[in-house]
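Q: So that you have it, the file is structure_15.cif, and it contains mmCIF, C-alpha atoms:
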```
data_data
loop_
_atom_site.label_atom_id
_atom_site.label_comp_id
_atom_site.auth_asym_id
_atom_site.auth_seq_id
_atom_site.Cartn_x
_atom_site.Cartn_y
_atom_site.Cartn_z
CA MET A 1 97.72 73.80 45.04
CA ARG A 2 100.78 73.03 42.89
CA ALA A 3 98.90 70.45 40.86
CA ALA A 4 96.19 72.98 40.13
CA ALA A 5 98.78 75.55 38.99
CA VAL A 6 100.44 73.01 36.69
CA PHE A 7 97.08 71.96 35.26
CA LEU A 8 96.08 75.58 34.70
CA ALA A 9 99.40 76.36 32.98
CA ALA A 10 99.07 73.31 30.72
CA PHE A 11 95.51 74.27 29.85
CA ALA A 12 96.54 77.84 29.04
CA LEU A 13 99.38 76.68 26.77
CA ALA A 14 97.11 74.25 24.95
CA GLY A 15 94.72 77.06 24.11
CA CYS A 16 97.30 79.58 22.91
CA GLY A 17 97.46 78.20 19.37
CA LEU A 18 101.15 77.34 19.44
CA ARG A 19 102.06 74.04 17.89
CA PRO A 20 105.42 72.40 17.31
CA LEU A 21 106.93 72.82 13.85
CA TYR A 22 107.85 69.14 13.71
CA GLY A 23 104.69 67.91 15.44
CA ASP A 24 104.90 64.33 14.21
CA GLY A 25 108.68 64.06 14.12
CA ALA A 26 110.15 62.65 10.92
CA ALA A 27 106.64 61.86 9.63
CA SER A 28 105.49 65.50 9.80
CA PRO A 29 104.69 67.37 6.58
CA VAL A 30 107.37 69.95 7.40
CA ALA A 31 110.07 67.29 7.81
CA ALA A 32 108.96 65.64 4.56
CA THR A 33 109.16 69.00 2.77
CA LEU A 34 112.64 69.66 4.16
CA ARG A 35 113.78 66.26 2.90
CA ALA A 36 112.47 67.25 -0.56
CA VAL A 37 114.86 70.23 -0.82
CA GLN A 38 117.90 69.90 -3.06
CA VAL A 39 120.78 72.26 -2.22
CA GLY A 40 122.45 73.73 -5.26
CA PRO A 41 126.22 74.22 -5.44
CA ILE A 42 127.60 77.25 -3.58
CA GLU A 43 130.91 78.89 -4.52
CA GLY A 44 134.03 78.81 -2.38
CA GLN A 45 135.10 77.24 0.88
CA ALA A 46 132.37 79.03 2.80
CA GLY A 47 129.88 77.71 0.25
CA TRP A 48 131.08 74.17 0.68
CA LEU A 49 130.76 74.46 4.47
CA VAL A 50 127.26 75.97 4.30
CA ARG A 51 126.07 73.42 1.72
CA THR A 52 127.38 70.51 3.82
CA LYS A 53 125.68 71.84 6.95
CA LEU A 54 122.42 72.37 5.04
CA MET A 55 122.44 68.86 3.61
CA ASP A 56 123.01 67.45 7.11
CA ARG A 57 120.09 69.43 8.52
CA LEU A 58 117.69 68.84 5.63
CA GLY A 59 118.32 65.12 5.43
CA ALA A 60 118.08 65.44 1.66
CA ALA A 61 120.86 63.00 0.78
CA GLY A 62 118.54 60.08 -0.02
CA GLU A 63 115.74 62.02 -1.73
CA ALA A 64 115.25 60.62 -5.25
CA SER A 65 113.00 63.33 -6.69
CA PRO A 66 113.30 66.67 -4.91
CA ALA A 67 110.40 69.12 -5.08
CA TYR A 68 112.50 72.22 -4.37
CA ARG A 69 115.94 73.58 -5.11
CA LEU A 70 117.71 75.93 -2.72
CA ASP A 71 119.92 78.49 -4.50
CA ILE A 72 122.32 80.42 -2.27
CA VAL A 73 124.75 83.27 -2.89
CA LEU A 74 127.18 84.02 -0.04
CA ASP A 75 129.02 87.17 0.97
CA ASP A 76 131.99 86.37 3.23
CA ASP A 77 133.82 89.43 4.56
CA ILE A 78 136.58 90.05 7.08
CA THR A 79 136.99 93.61 8.35
CA ALA A 80 139.87 94.72 10.57
CA PHE A 81 139.26 97.19 13.38
CA GLY A 82 140.71 98.04 16.76
CA ILE A 83 143.66 99.87 15.20
CA ARG A 84 146.71 100.51 17.40
CA ARG A 85 148.98 103.54 17.14
CA ASP A 86 151.30 101.64 14.80
CA ARG A 87 148.27 101.10 12.49
CA ALA A 88 148.14 97.37 13.18
CA ALA A 89 144.70 95.86 13.67
CA THR A 90 143.94 94.08 16.93
CA ARG A 91 140.50 92.66 16.05
CA GLU A 92 138.62 91.42 13.01
CA ARG A 93 134.96 90.89 12.35
CA ARG A 94 134.04 88.03 10.04
CA THR A 95 130.61 88.42 8.48
CA LEU A 96 128.83 85.70 6.53
CA ARG A 97 125.63 86.68 4.74
CA ALA A 98 123.46 84.66 2.39
CA ARG A 99 120.72 85.48 -0.05
CA TYR A 100 118.77 82.34 -0.72
CA GLN A 101 115.86 81.37 -2.91
CA LEU A 102 113.68 78.30 -2.62
CA VAL A 103 112.62 77.35 -6.14
CA SER A 104 109.84 74.93 -7.02
CA ILE A 105 111.41 72.43 -9.41
CA ALA A 106 108.03 71.64 -11.03
CA THR A 107 107.21 75.24 -11.96
CA GLY A 108 110.56 77.05 -11.74
CA GLN A 109 108.88 79.67 -9.56
CA VAL A 110 110.74 81.24 -6.63
CA VAL A 111 108.51 80.49 -3.63
CA LEU A 112 110.79 81.95 -0.95
CA ASP A 113 113.36 84.72 -1.30
CA ALA A 114 115.15 85.71 1.90
CA THR A 115 118.46 86.53 3.56
CA ALA A 116 120.33 85.19 6.57
CA GLY A 117 123.57 86.08 8.22
CA SER A 118 125.75 86.31 11.26
CA ASP A 119 129.10 87.67 12.33
CA ALA A 120 131.89 86.83 14.75
CA GLY A 121 134.72 88.75 16.36
CA ILE A 122 138.29 87.48 16.07
CA ASP A 123 141.34 88.55 18.09
CA ILE A 124 144.47 89.15 16.07
CA VAL A 125 147.40 87.74 17.99
CA GLY A 126 151.16 87.68 17.40
CA SER A 127 151.03 84.29 15.68
CA GLU A 128 149.76 84.45 12.11
CA TYR A 129 148.88 80.74 12.28
CA ALA A 130 146.68 81.32 15.35
CA THR A 131 144.88 84.20 13.63
CA VAL A 132 144.21 82.13 10.49
CA ALA A 133 143.00 79.24 12.65
CA ALA A 134 140.65 81.62 14.50
CA GLU A 135 139.31 82.92 11.17
CA GLN A 136 138.67 79.35 10.00
CA THR A 137 136.94 78.40 13.26
CA ALA A 138 134.77 81.51 12.99
CA LEU A 139 133.81 80.55 9.42
CA GLU A 140 132.80 77.04 10.51
CA HIS A 141 130.71 78.46 13.34
CA LEU A 142 129.06 81.03 11.06
CA ALA A 143 128.25 78.31 8.49
CA GLU A 144 126.38 76.38 11.20
CA ILE A 145 124.43 79.45 12.28
CA LEU A 146 123.56 80.31 8.69
CA ALA A 147 122.40 76.75 7.93
CA ASP A 148 120.20 76.77 11.04
CA GLN A 149 118.62 80.09 9.99
CA VAL A 150 117.92 78.89 6.44
CA VAL A 151 116.42 75.57 7.56
CA ALA A 152 114.24 77.30 10.15
CA ARG A 153 112.92 79.76 7.55
CA VAL A 154 112.24 77.02 4.98
CA GLY A 155 110.49 75.01 7.71
CA LEU A 156 108.29 77.99 8.55
CA TYR A 157 107.47 78.40 4.86
CA ALA A 158 106.44 74.73 4.67
CA ALA A 159 104.33 74.98 7.84
CA ARG A 160 102.55 78.18 6.78
CA THR A 161 101.83 77.22 3.20
CA GLY A 162 101.19 73.52 3.64
CA ALA A 163 103.83 73.03 0.97
CA PRO A 164 103.49 69.83 -1.03
CA GLN A 165 105.64 66.93 0.06
#
```
As structure tokens, please, write out the structure in this file.
A:
Amino acid sequence: MRAAAVFLAAFALAGCGLRPLYGDGAASPVAATLRAVQVGPIEGQAGWLVRTKLMDRLGAAGEASPAYRLDIVLDDDITAFGIRRDRAATRERRTLRARYQLVSIATGQVVLDATAGSDAGIDIVGSEYATVAAEQTALEHLAEILADQVVARVGLYAARTGAPQ
């Protein structure tokens, strides 16, 4: 009975039309397209973190002739809230947003224009050092999330359009 249920579930999943984005691993067209993306410089410390994370995820370090360029503009904001009676903030929200464009290097045409972002809450404690360290940790975490979102969206673009490798 169990074997029949497993077989039926496998058969149903096979017919649903879902397929893995990286179906053939590193040899897949999507992975090859991601390796062909050059990440342009991004301003500031947040930009350096996001660019480094993107280059790690794209695997573009060894690509001799990239087919695409990824241009990114970041908005990094810290907002205090949770105000006490003495008007001191007790919490902060760090928000990191990106507007990014995937540009075909051959034609100069923008083939993907999108946004990504995330935010994190930070406790403000008595130690200024601890608060600054928490803000930095939040920025590093947000840079990872942002890089994951951008790579996933570029991968979907490559899968849907059959983008050239």
Q: Just say which residues the PyMOL selection byres ((chain A and resi 98-108) around 10) picks in this file, as an MDAnalysis selection string.
A: chainID A and resid 37:39 47 50 65:76 96:97 109:118 146:147 150 154 157
Q: Generate the output file for the selected residues, C-alpha atoms, as an mmCIF file, in the frame of the given file.
A:
```cif
data_model
loop_
_atom_site.group_PDB
_atom_site.id
_atom_site.type_symbol
_atom_site.label_atom_id
_atom_site.label_comp_id
_atom_site.auth_asym_id
_atom_site.auth_seq_id
_atom_site.Cartn_x
_atom_site.Cartn_y
_atom_site.Cartn_z
ATOM 1 C CA VAL A 37 114.860 70.230 -0.820
ATOM 2 C CA GLN A 38 117.900 69.900 -3.060
ATOM 3 C CA VAL A 39 120.780 72.260 -2.220
ATOM 4 C CA GLY A 47 129.880 77.710 0.250
ATOM 5 C CA VAL A 50 127.260 75.970 4.300
ATOM 6 C CA SER A 65 113.000 63.330 -6.690
ATOM 7 C CA PRO A 66 113.300 66.670 -4.910
ATOM 8 C CA ALA A 67 110.400 69.120 -5.080
ATOM 9 C CA TYR A 68 112.500 72.220 -4.370
ATOM 10 C CA ARG A 69 115.940 73.580 -5.110
ATOM 11 C CA LEU A 70 117.710 75.930 -2.720
ATOM 12 C CA ASP A 71 119.920 78.490 -4.500
ATOM 13 C CA ILE A 72 122.320 80.420 -2.270
ATOM 14 C CA VAL A 73 124.750 83.270 -2.890
ATOM 15 C CA LEU A 74 127.180 84.020 -0.040
ATOM 16 C CA ASP A 75 129.020 87.170 0.970
ATOM 17 C CA ASP A 76 131.990 86.370 3.230
ATOM 18 C CA LEU A 96 128.830 85.700 6.530
ATOM 19 C CA ARG A 97 125.630 86.680 4.740
ATOM 20 C CA GLN A 109 108.880 79.670 -9.560
ATOM 21 C CA VAL A 110 110.740 81.240 -6.630
ATOM 22 C CA VAL A 111 108.510 80.490 -3.630
ATOM 23 C CA LEU A 112 110.790 81.950 -0.950
ATOM 24 C CA ASP A 113 113.360 84.720 -1.300
ATOM 25 C CA ALA A 114 115.150 85.710 1.900
ATOM 26 C CA THR A 115 118.460 86.530 3.560
ATOM 27 C CA ALA A 116 120.330 85.190 6.570
ATOM 28 C CA GLY A 117 123.570 86.080 8.220
ATOM 29 C CA SER A 118 125.750 86.310 11.260
ATOM 30 C CA LEU A 146 123.560 80.310 8.690
ATOM 31 C CA ALA A 147 122.400 76.750 7.930
ATOM 32 C CA VAL A 150 117.920 78.890 6.440
ATOM 33 C CA VAL A 154 112.240 77.020 4.980
ATOM 34 C CA TYR A 157 107.470 78.400 4.860
#
```
Q: Evaluate the PyMOL selection byres ((chain A and resi 34) around 8) and record the selected residues as a list in words, following the chain and residue labels used in the document.
A: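 Going through the file, the PyMOL selection byres ((chain A and resi 34) around 8) ends up selecting Val30, Ala31, Ala32, Thr33, Arg35, Ala36, Val37, Leu58, Gly59, Ala60, Val151, Val154 and Gly155 of chain A.
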Q: Could you please determine the separation between atom CA of A:Thr137 and atom CA of A:Ile122 in Å, to one decimal place?
A: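 A separation of 9.6 Å between them.
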Q: Might you pull out every residue within 7 Å of stretch 142-145 of chain A, with only C-alpha atoms counted and same-chain residues fewer than 3 positions away left off, and present them as a list in words?
A: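 The residues satisfying every condition are Leu49, Val50, Lys53, Leu96, Ser118, Asp119, Ala138, Leu139, Asp148 and Gln149 of chain A.
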Q: Could you state which residues are captured by the PyMOL selection byres ((chain A and resi 90) around 8) in this file, as a JSON list (two decimals) with C-alpha atoms, keeping the file's coordinate frame?
A:
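Listed below is the output, out18.json:
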```json
[["chain", "number", "residue", "atom", "x", "y", "z"],
["A", 80, "ALA", "CA", 139.87, 94.72, 10.57],
["A", 81, "PHE", "CA", 139.26, 97.19, 13.38],
["A", 82, "GLY", "CA", 140.71, 98.04, 16.76],
["A", 83, "ILE", "CA", 143.66, 99.87, 15.20],
["A", 84, "ARG", "CA", 146.71, 100.51, 17.40],
["A", 88, "ALA", "CA", 148.14, 97.37, 13.18],
["A", 89, "ALA", "CA", 144.70, 95.86, 13.67],
["A", 91, "ARG", "CA", 140.50, 92.66, 16.05],
["A", 92, "GLU", "CA", 138.62, 91.42, 13.01],
["A", 123, "ASP", "CA", 141.34, 88.55, 18.09],
["A", 124, "ILE", "CA", 144.47, 89.15, 16.07],
["A", 125, "VAL", "CA", 147.40, 87.74, 17.99]]
```
Q: Counting all atoms listed in the file, figure out which residue out of A:Pro29, A:Ile42, A:Ala3, A:Ser127 gets nearest to A:Gly162.
A: A:Pro29
Q: Atom CA of A:Ile78 and atom CA of A:Thr95 are how many Å apart?
A: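 Distance reported for this atom pair: 6.3 Å.
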Q: In Å, rounded to a single decimal, give me how far atom CA of A:His141 is from atom CA of A:Glu43.
A: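 It comes out at 17.9 Å.
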Q: The centre and edge lengths of an axis-aligned box containing all atoms of stretch 83-102 of chain A present in the file, extended by 6 Å on each side, are to be given in Å to one decimal, as JSON.
A:
```
{"center_x": 132.5, "center_y": 90.9, "center_z": 7.2, "size_x": 49.6, "size_y": 37.2, "size_z": 32.3}
```
